[in-house]
>>> print(open('query10.cif').read())   # mmCIF, C-alpha atoms
data_my_file
#
loop_
_atom_site.label_atom_id
_atom_site.label_comp_id
_atom_site.auth_asym_id
_atom_site.auth_seq_id
_atom_site.Cartn_x
_atom_site.Cartn_y
_atom_site.Cartn_z
CA GLU A 25 170.91 72.59 -76.45
CA TYR A 26 172.89 73.15 -73.25
CA GLU A 27 172.36 75.86 -70.58
CA GLY A 28 170.42 77.99 -73.01
CA LEU A 29 172.75 77.43 -75.92
CA HIS A 30 171.87 75.34 -78.99
CA ILE A 31 173.54 74.37 -82.23
CA ASP A 32 171.70 73.50 -85.49
CA THR A 33 173.34 70.92 -87.80
CA PRO A 34 171.79 70.47 -91.25
CA MET A 35 171.08 66.78 -92.37
CA THR A 36 170.28 65.71 -95.88
CA VAL A 37 168.18 62.52 -96.53
CA THR A 38 168.85 61.03 -99.92
CA ALA A 39 166.77 58.46 -101.83
CA ALA A 40 167.69 54.78 -101.55
CA THR A 41 170.07 53.70 -104.25
CA LEU A 42 169.81 50.68 -106.55
CA GLN A 43 171.94 47.89 -105.23
CA SER A 44 171.19 44.92 -107.46
CA LEU A 45 168.91 43.46 -110.14
CA SER A 46 167.73 39.90 -110.51
CA VAL A 47 165.88 38.04 -113.23
CA SER A 48 163.50 35.16 -112.64
CA PRO A 49 162.73 32.38 -113.20
CA ARG A 50 166.26 31.08 -113.12
CA VAL A 51 167.30 28.76 -115.99
CA PRO A 52 163.78 28.20 -117.35
CA LYS A 53 163.00 25.43 -119.83
CA VAL A 54 160.33 26.31 -122.36
CA PRO A 55 158.92 24.01 -125.08
CA ARG A 56 159.26 25.33 -128.60
CA GLY A 57 156.32 27.55 -129.54
CA LEU A 58 155.36 28.49 -125.98
CA THR A 59 156.10 31.66 -124.02
CA GLN A 60 157.67 32.48 -120.67
CA GLN A 61 157.05 35.68 -118.75
CA MET A 62 160.30 36.90 -117.19
CA LYS A 63 160.44 39.11 -114.13
CA ALA A 64 163.03 41.73 -113.15
CA THR A 65 163.32 42.65 -109.45
CA ALA A 66 165.36 45.59 -108.17
CA THR A 67 166.84 45.64 -104.64
CA PHE A 68 167.63 49.01 -103.06
CA SER A 69 170.01 50.16 -100.39
CA ASP A 70 167.22 50.43 -97.80
CA GLY A 71 166.45 46.72 -98.26
CA SER A 72 163.30 47.32 -100.26
CA THR A 73 162.53 45.52 -103.53
CA GLN A 74 160.53 46.56 -106.56
CA ASP A 75 159.16 44.76 -109.61
CA VAL A 76 160.76 46.65 -112.49
CA THR A 77 159.85 44.23 -115.29
CA ALA A 78 157.98 46.88 -117.27
CA LEU A 79 160.70 49.49 -116.63
CA SER A 80 163.61 47.36 -117.77
CA GLY A 81 165.16 46.95 -121.17
CA TRP A 82 165.10 43.33 -122.38
CA SER A 83 167.31 41.52 -124.85
CA VAL A 84 168.05 37.95 -125.89
CA LYS A 85 171.15 36.36 -127.37
CA ASP A 86 171.71 32.85 -128.74
CA VAL A 87 174.06 30.60 -126.78
CA SER A 88 173.52 27.42 -128.80
CA GLY A 89 171.29 27.22 -131.82
CA THR A 90 170.05 29.98 -134.09
CA GLY A 91 167.03 32.20 -133.55
CA VAL A 92 166.35 30.40 -130.31
CA ALA A 93 164.04 33.00 -128.75
CA SER A 94 162.71 36.53 -128.88
CA VAL A 95 161.66 38.84 -126.05
CA SER A 96 159.16 41.68 -125.88
CA SER A 97 159.61 45.01 -124.11
CA ALA A 98 157.51 43.60 -121.29
CA GLY A 99 159.84 40.63 -120.74
CA LEU A 100 157.68 38.02 -122.48
CA VAL A 101 159.97 35.46 -124.11
CA THR A 102 158.81 33.34 -127.06
CA ALA A 103 160.59 30.02 -127.58
CA ARG A 104 161.21 29.69 -131.34
CA GLN A 105 163.93 27.11 -131.97
CA GLN A 106 165.57 24.41 -129.88
CA GLY A 107 168.73 25.58 -128.15
CA LYS A 108 169.83 27.93 -125.38
CA ALA A 109 169.70 31.70 -125.16
CA THR A 110 170.69 34.38 -122.66
CA VAL A 111 167.83 36.64 -121.58
CA THR A 112 169.10 39.97 -120.20
CA ALA A 113 167.32 42.75 -118.29
CA ARG A 114 168.81 46.22 -117.80
CA TYR A 115 167.43 48.71 -115.27
CA LEU A 116 169.18 51.99 -114.56
CA THR A 117 172.81 51.04 -113.88
CA LYS A 118 172.28 47.36 -113.21
CA THR A 119 172.11 44.34 -115.52
CA SER A 120 171.03 40.77 -114.83
CA TYR A 121 170.55 37.76 -117.01
CA THR A 122 169.58 34.09 -117.06
CA THR A 123 169.93 31.27 -119.57
CA MET A 124 166.77 29.83 -121.07
CA GLU A 125 166.62 26.44 -122.76
CA VAL A 126 164.13 25.83 -125.55
CA THR A 127 163.08 22.18 -125.51
CA PRO A 128 161.22 20.21 -128.20
CA ALA A 129 157.62 21.17 -128.87
CA VAL A 130 154.99 19.44 -126.73
CA ALA A 131 151.53 18.24 -127.66
CA THR A 132 148.79 20.75 -126.88
CA ALA A 133 145.82 18.93 -128.44
CA LEU A 134 144.85 15.51 -129.77
CA ALA A 135 142.21 14.44 -132.28
CA VAL A 136 140.88 10.98 -133.13
CA SER A 137 139.32 9.99 -136.44
CA PRO A 138 136.99 8.77 -137.77
CA LEU A 139 134.30 10.13 -135.47
CA SER A 140 131.47 7.82 -134.37
CA PRO A 141 132.07 4.99 -136.87
CA SER A 142 129.84 1.92 -137.11
CA ILE A 143 131.12 -1.56 -137.99
CA ALA A 144 129.63 -5.03 -138.19
CA LYS A 145 130.46 -7.62 -135.57
CA GLY A 146 133.60 -9.47 -136.57
CA THR A 147 135.04 -6.63 -138.64
CA THR A 148 137.70 -4.02 -137.85
CA GLN A 149 138.02 -0.25 -137.77
CA ARG A 150 141.32 1.59 -138.05
CA PHE A 151 141.52 4.73 -135.88
CA THR A 152 144.03 7.54 -136.34
CA ALA A 153 145.36 9.97 -133.72
CA ALA A 154 146.77 13.37 -134.76
CA ALA A 155 148.55 15.67 -132.32
CA THR A 156 148.86 19.46 -132.51
CA PHE A 157 152.10 20.74 -130.97
CA SER A 158 153.09 23.92 -129.19
CA ASP A 159 154.92 25.18 -132.29
CA GLY A 160 151.73 24.91 -134.37
CA SER A 161 152.78 21.76 -136.23
CA THR A 162 150.64 18.62 -136.48
CA GLN A 163 151.74 15.00 -136.58
CA VAL A 164 150.06 11.62 -136.86
CA VAL A 165 150.88 9.81 -133.61
CA THR A 166 148.66 6.74 -133.99
CA ASP A 167 151.43 4.27 -133.23
CA GLN A 168 152.82 6.34 -130.33
CA ALA A 169 149.47 6.90 -128.61
CA ASP A 170 147.99 4.70 -125.89
CA TRP A 171 144.63 3.24 -126.95
CA ILE A 172 141.85 2.30 -124.53
CA VAL A 173 138.38 0.89 -125.22
CA THR A 174 135.52 0.96 -122.69
CA ASP A 175 132.02 -0.49 -122.99
CA VAL A 176 129.20 2.05 -123.17
CA MET A 177 126.33 -0.27 -124.10
CA GLY A 178 126.79 -4.01 -124.07
CA SER A 179 129.62 -6.15 -122.75
CA GLY A 180 132.96 -6.91 -124.37
CA VAL A 181 131.88 -4.81 -127.34
CA ALA A 182 135.31 -4.16 -128.84
CA SER A 183 139.05 -4.56 -128.39
CA ILE A 184 141.87 -2.42 -129.74
CA ASP A 185 145.60 -2.90 -130.33
CA GLY A 186 148.50 -0.51 -129.94
CA THR A 187 148.17 0.77 -133.50
CA GLY A 188 144.56 1.95 -133.20
CA ASN A 189 143.04 -1.07 -134.92
CA ALA A 190 139.70 -1.91 -133.23
CA PHE A 191 137.86 -5.22 -133.58
CA GLY A 192 134.08 -5.54 -133.18
CA ASP A 193 133.60 -8.39 -130.69
CA ALA A 194 129.95 -7.98 -129.72
CA VAL A 195 126.92 -5.89 -130.65
CA GLY A 196 126.80 -2.59 -128.69
CA GLN A 197 128.70 0.67 -128.26
CA ALA A 198 132.17 1.35 -126.87
CA LYS A 199 134.23 4.45 -126.15
CA VAL A 200 137.58 4.52 -127.95
CA ARG A 201 140.14 6.80 -126.29
CA ALA A 202 143.66 7.82 -127.35
CA GLU A 203 146.23 9.38 -125.00
CA PHE A 204 149.50 11.06 -125.97
CA GLN A 205 151.83 13.32 -123.96
CA GLY A 206 149.12 14.26 -121.48
CA GLN A 207 146.52 14.96 -124.16
CA ALA A 208 143.47 12.78 -124.82
CA ALA A 209 140.68 12.41 -127.36
CA GLU A 210 137.85 9.94 -127.73
CA THR A 211 134.98 8.85 -129.93
CA THR A 212 132.21 6.24 -129.91
CA LEU A 213 132.34 2.99 -131.86
CA THR A 214 129.08 1.21 -132.68
CA VAL A 215 129.15 -2.52 -133.39
CA THR A 216 126.14 -3.79 -135.34
CA PRO A 217 125.10 -7.40 -135.98
CA ALA A 218 127.40 -9.45 -138.20
CA THR A 219 126.94 -8.99 -141.93
CA VAL A 220 126.82 -11.63 -144.64
CA ILE A 221 130.17 -12.09 -146.34
CA SER A 222 129.13 -14.83 -148.73
CA LEU A 223 126.28 -17.23 -149.48
CA ALA A 224 126.53 -20.86 -150.60
CA VAL A 225 123.87 -23.19 -151.95
CA SER A 226 123.95 -26.99 -151.85
CA PRO A 227 123.85 -28.97 -154.00
CA THR A 228 125.28 -26.74 -156.72
CA ALA A 229 123.83 -28.98 -159.42
CA ALA A 230 121.04 -31.52 -159.32
CA THR A 231 119.19 -33.81 -161.72
CA VAL A 232 115.59 -34.85 -161.14
CA ASP A 233 112.88 -36.61 -163.07
CA LYS A 234 109.91 -34.62 -164.20
CA GLY A 235 107.49 -34.40 -161.27
CA ALA A 236 110.15 -35.17 -158.69
CA VAL A 237 111.58 -32.74 -156.11
CA VAL A 238 115.06 -31.87 -154.88
CA LYS A 239 115.88 -30.04 -151.65
CA PHE A 240 118.36 -27.14 -151.78
CA THR A 241 119.93 -25.56 -148.68
CA ALA A 242 121.57 -22.17 -148.23
CA SER A 243 124.29 -21.25 -145.73
CA ALA A 244 125.65 -17.77 -145.03
CA ARG A 245 129.18 -16.98 -143.86
CA LEU A 246 129.06 -13.97 -141.56
CA SER A 247 131.57 -11.25 -140.75
CA ASP A 248 132.18 -12.67 -137.28
CA GLY A 249 133.41 -15.93 -138.82
CA SER A 250 130.29 -17.92 -138.07
CA THR A 251 128.20 -19.89 -140.57
CA GLN A 252 124.43 -19.86 -140.47
CA ASP A 253 121.79 -22.01 -142.19
CA VAL A 254 119.48 -19.49 -143.85
CA THR A 255 117.51 -21.91 -146.04
CA THR A 256 114.11 -20.94 -144.66
CA THR A 257 114.84 -17.21 -144.28
CA ALA A 258 116.39 -16.64 -147.72
CA SER A 259 114.49 -15.80 -150.91
CA TRP A 260 114.37 -18.50 -153.64
CA THR A 261 113.64 -18.08 -157.35
CA SER A 262 113.82 -20.28 -160.46
CA ALA A 263 114.63 -19.19 -164.03
CA ASP A 264 114.64 -21.27 -167.20
CA LEU A 265 117.97 -21.92 -168.89
CA MET A 266 116.77 -24.44 -171.44
CA GLY A 267 113.12 -25.21 -171.90
CA THR A 268 109.99 -23.52 -170.58
CA GLY A 269 108.57 -23.71 -167.09
CA VAL A 270 111.27 -26.21 -166.20
CA ALA A 271 111.16 -25.99 -162.41
CA SER A 272 109.59 -24.24 -159.48
CA VAL A 273 111.04 -23.61 -156.03
CA ASP A 274 109.26 -22.86 -152.77
CA ALA A 275 110.26 -20.74 -149.73
CA SER A 276 111.99 -23.70 -148.09
CA GLY A 277 114.35 -24.28 -151.05
CA GLN A 278 112.50 -27.33 -152.40
CA ALA A 279 112.52 -27.41 -156.20
CA LYS A 280 110.13 -29.46 -158.33
CA GLY A 281 110.81 -30.58 -161.89
CA GLN A 282 107.86 -29.48 -164.03
CA ALA A 283 109.16 -29.75 -167.60
CA VAL A 284 112.17 -31.25 -169.36
CA GLY A 285 115.10 -28.81 -169.55
CA GLN A 286 117.46 -26.87 -167.32
CA ALA A 287 116.77 -24.15 -164.77
CA ARG A 288 118.81 -21.87 -162.54
CA ILE A 289 117.87 -21.86 -158.87
CA SER A 290 118.85 -18.58 -157.18
CA VAL A 291 118.88 -17.78 -153.47
CA THR A 292 119.28 -14.30 -151.97
CA TYR A 293 119.92 -13.37 -148.36
CA ARG A 294 120.81 -9.92 -146.95
CA GLY A 295 122.33 -8.74 -150.22
CA ALA A 296 124.26 -11.93 -150.99
CA THR A 297 123.30 -14.31 -153.83
CA ALA A 298 124.18 -17.86 -154.79
CA THR A 299 122.97 -20.08 -157.65
CA ALA A 300 122.63 -23.74 -158.54
CA THR A 301 121.36 -25.59 -161.60
CA VAL A 302 118.73 -28.27 -161.84
CA GLU A 303 118.23 -30.51 -164.87
CA VAL A 304 114.82 -32.09 -165.34
CA LYS A 305 114.66 -35.33 -167.30
CA PRO A 306 111.61 -37.06 -168.73
CA GLY A 307 111.83 -39.84 -166.20
CA PRO A 308 111.08 -43.53 -166.73
CA LEU A 309 108.32 -44.44 -169.14
CA PRO A 310 105.21 -45.94 -167.57
CA PRO A 311 105.01 -49.72 -167.92
#
>>> encode(input="query10.cif", output="structure tokens")
Amino acid sequence: EYEGLHIDTPMTVTAATLQSLSVSPRVPKVPRGLTQQMKATATFSDGSTQDVTALSGWSVKDVSGTGVASVSSAGLVTARQQGKATVTARYLTKTSYTTMEVTPAVATALAVSPLSPSIAKGTTQRFTAAATFSDGSTQVVTDQADWIVTDVMGSGVASIDGTGNAFGDAVGQAKVRAEFQGQAAETTLTVTPATVISLAVSPTAATVDKGAVVKFTASARLSDGSTQDVTTTASWTSADLMGTGVASVDASGQAKGQAVGQARISVTYRGATATATVEVKPGPLPP
């Protein structure tokens, strides 16, 4: 307006126009079986940006490999096979893409078996580790896992090698743990007192005169490799082999010849048994 005069000039304001489109994340790596949410961002002529993930059209195309990935209408990509694929977003007049690499499946869970086993001191227990992977597959990874044993009750209860083979070193409880690709699983191992592996009696054969005695001893070989004299804690019995009432034996393993003949002397200790024979002779005639 000037000195009472004015001029009107019409002005038209138009909406900001789409300048570019970008897809993120850039060059993602996704283990087989897992998913990756992609994002499409539009930039407009006024400098503003807008998340247009849900408004875009999504597609995927193999670069290397076959059936590498699939993508949903919401931009969620599923890694199906190892390889590379181009993931493309289209919004209005703009298109953007990135290359996704599908890497080998990763472990998502680990399990150890058997659960809560119990073994005798001096014996072994084989543990197994099985991994579940991101593609849904399972695999025994016992030899690839890291094995750790920790005392829970007692000291130096057990040891374990790199193949999951545990050895019962002392009576008590220990935690056995396996670790593989960031996953872990554990169980409890109980070590009980050593068990009897075998029983031996000495002598294995004896000859006595009627009325005389012979002393038998019993020794047990245990699962921890030790040997123990169990003569006074074992159970002793006598059975005729030839003759009647040939011999008797007491709780200390001492047998007495009672009649001419042969007898079997048996000893039993914690489920193990051993035998010996005793022959009873008439003995010297009185003068």
>>> residues_around(input="query10.cif", residues="Leu213 of chain A", least_positions_apart="4", cutoff="10 Å", atoms="all atoms listed in the file", output="list in words")
Pro138, Leu139, Ser140, Pro141, Ser142, Ile143, Gln149, Val173, Thr174, Asp175, Val176, Val181, Ala182, Ala190, Gly192, Gly196, Gln197, Ala198, Lys199 and Val200 of chain A
>>> resolve_selection(input="query10.cif", expression="the PyMOL selection byres ((chain A and resi 223) around 10)", output="MDAnalysis selection string")
chainID A and resid 220:222 224:225 242:246 251:254 291:299
>>> write_last_selection(input="query10.cif", atoms="C-alpha atoms", output="PDB file, keeping the file's coordinate frame")
ATOM      1  CA  VAL A 220     126.820 -11.630-144.640  1.00  0.00           C
ATOM      2  CA  ILE A 221     130.170 -12.090-146.340  1.00  0.00           C
ATOM      3  CA  SER A 222     129.130 -14.830-148.730  1.00  0.00           C
ATOM      4  CA  ALA A 224     126.530 -20.860-150.600  1.00  0.00           C
ATOM      5  CA  VAL A 225     123.870 -23.190-151.950  1.00  0.00           C
ATOM      6  CA  ALA A 242     121.570 -22.170-148.230  1.00  0.00           C
ATOM      7  CA  SER A 243     124.290 -21.250-145.730  1.00  0.00           C
ATOM      8  CA  ALA A 244     125.650 -17.770-145.030  1.00  0.00           C
ATOM      9  CA  ARG A 245     129.180 -16.980-143.860  1.00  0.00           C
ATOM     10  CA  LEU A 246     129.060 -13.970-141.560  1.00  0.00           C
ATOM     11  CA  THR A 251     128.200 -19.890-140.570  1.00  0.00           C
ATOM     12  CA  GLN A 252     124.430 -19.860-140.470  1.00  0.00           C
ATOM     13  CA  ASP A 253     121.790 -22.010-142.190  1.00  0.00           C
ATOM     14  CA  VAL A 254     119.480 -19.490-143.850  1.00  0.00           C
ATOM     15  CA  VAL A 291     118.880 -17.780-153.470  1.00  0.00           C
ATOM     16  CA  THR A 292     119.280 -14.300-151.970  1.00  0.00           C
ATOM     17  CA  TYR A 293     119.920 -13.370-148.360  1.00  0.00           C
ATOM     18  CA  ARG A 294     120.810  -9.920-146.950  1.00  0.00           C
ATOM     19  CA  GLY A 295     122.330  -8.740-150.220  1.00  0.00           C
ATOM     20  CA  ALA A 296     124.260 -11.930-150.990  1.00  0.00           C
ATOM     21  CA  THR A 297     123.300 -14.310-153.830  1.00  0.00           C
ATOM     22  CA  ALA A 298     124.180 -17.860-154.790  1.00  0.00           C
ATOM     23  CA  THR A 299     122.970 -20.080-157.650  1.00  0.00           C
TER      24      THR A 299
END
>>> residues_near_point(input="query10.cif", point="(165.9, 50.8, -103.3)", cutoff="9 Å", atoms="all atoms listed in the file", output="ChimeraX atom specification")
/A:39-44,66-74
>>> residues_near_point(input="query10.cif", point="(167.7, 39.8, -128.2)", cutoff="8 Å", atoms="only C-alpha atoms", output="number ranges by chain")
A: 82-85, 93-95, 111
>>> write_last_selection(input="query10.cif", atoms="C-alpha atoms", output="CSV table (one decimal), keeping the file's coordinate frame")
chain,number,residue,atom,x,y,z
A,82,TRP,CA,165.1,43.3,-122.4
A,83,SER,CA,167.3,41.5,-124.8
A,84,VAL,CA,168.0,38.0,-125.9
A,85,LYS,CA,171.2,36.4,-127.4
A,93,ALA,CA,164.0,33.0,-128.8
A,94,SER,CA,162.7,36.5,-128.9
A,95,VAL,CA,161.7,38.8,-126.0
A,111,VAL,CA,167.8,36.6,-121.6
>>> atom_distance(input="query10.cif", atom1="atom CA of Phe240 of chain A", atom2="atom CA of Ala283 of chain A")
18.5 Å
>>> closest_residue(input="query10.cif", among="A:Val195, A:Ala287, A:Ile184, A:Ala300", to="Thr241 of chain A", atoms="only C-alpha atoms")
A:Ala300
>>> atom_distance(input="query10.cif", atom1="atom CA of Glu125 of chain A", atom2="atom CA of Gly160 of chain A")
18.9 Å
>>> resolve_selection(input="query10.cif", expression="the PyMOL selection byres ((chain A and resi 276) around 10)", output="list in words")
Lys239, Phe240, Thr241, Ala242, Val254, Thr255, Thr256, Thr257, Ala258, Ser259, Trp260, Val273, Asp274, Ala275, Gly277, Gln278 and Ala279 of chain A
>>> atom_distance(input="query10.cif", atom1="atom CA of Ser290 of chain A", atom2="atom CA of Gly249 of chain A")
23.6 Å
>>> closest_residue(input="query10.cif", among="A:Ile289, A:Ala169, A:Val126, A:Ala194", to="Gly206 of chain A", atoms="only C-alpha atoms")
A:Ala169
>>> residues_around(input="query10.cif", residues="segment 48-55 of chain A", least_positions_apart="6", cutoff="12 Å", atoms="only C-alpha atoms", output="PyMOL selection string")
chain A and resi 61-66+75-77+92-93+99-113+120-132+157-160
>>> closest_residue(input="query10.cif", among="A:Gln60, A:Thr119, A:Thr156, A:Thr216", to="Gly81 of chain A", atoms="all atoms listed in the file")
A:Thr119
>>> resolve_selection(input="query10.cif", expression="the PyMOL selection byres ((chain A and resi 145) around 6)", output="list in words")
Ala144, Gly146, Thr147, Gly192, Asp193, Ala194, Val215, Thr216, Pro217, Ala218 and Asp248 of chain A
>>> closest_residue(input="query10.cif", among="A:Thr148, A:Ser183, A:Ala133, A:Asp86", to="Val165 of chain A", atoms="all atoms listed in the file")
A:Ala133
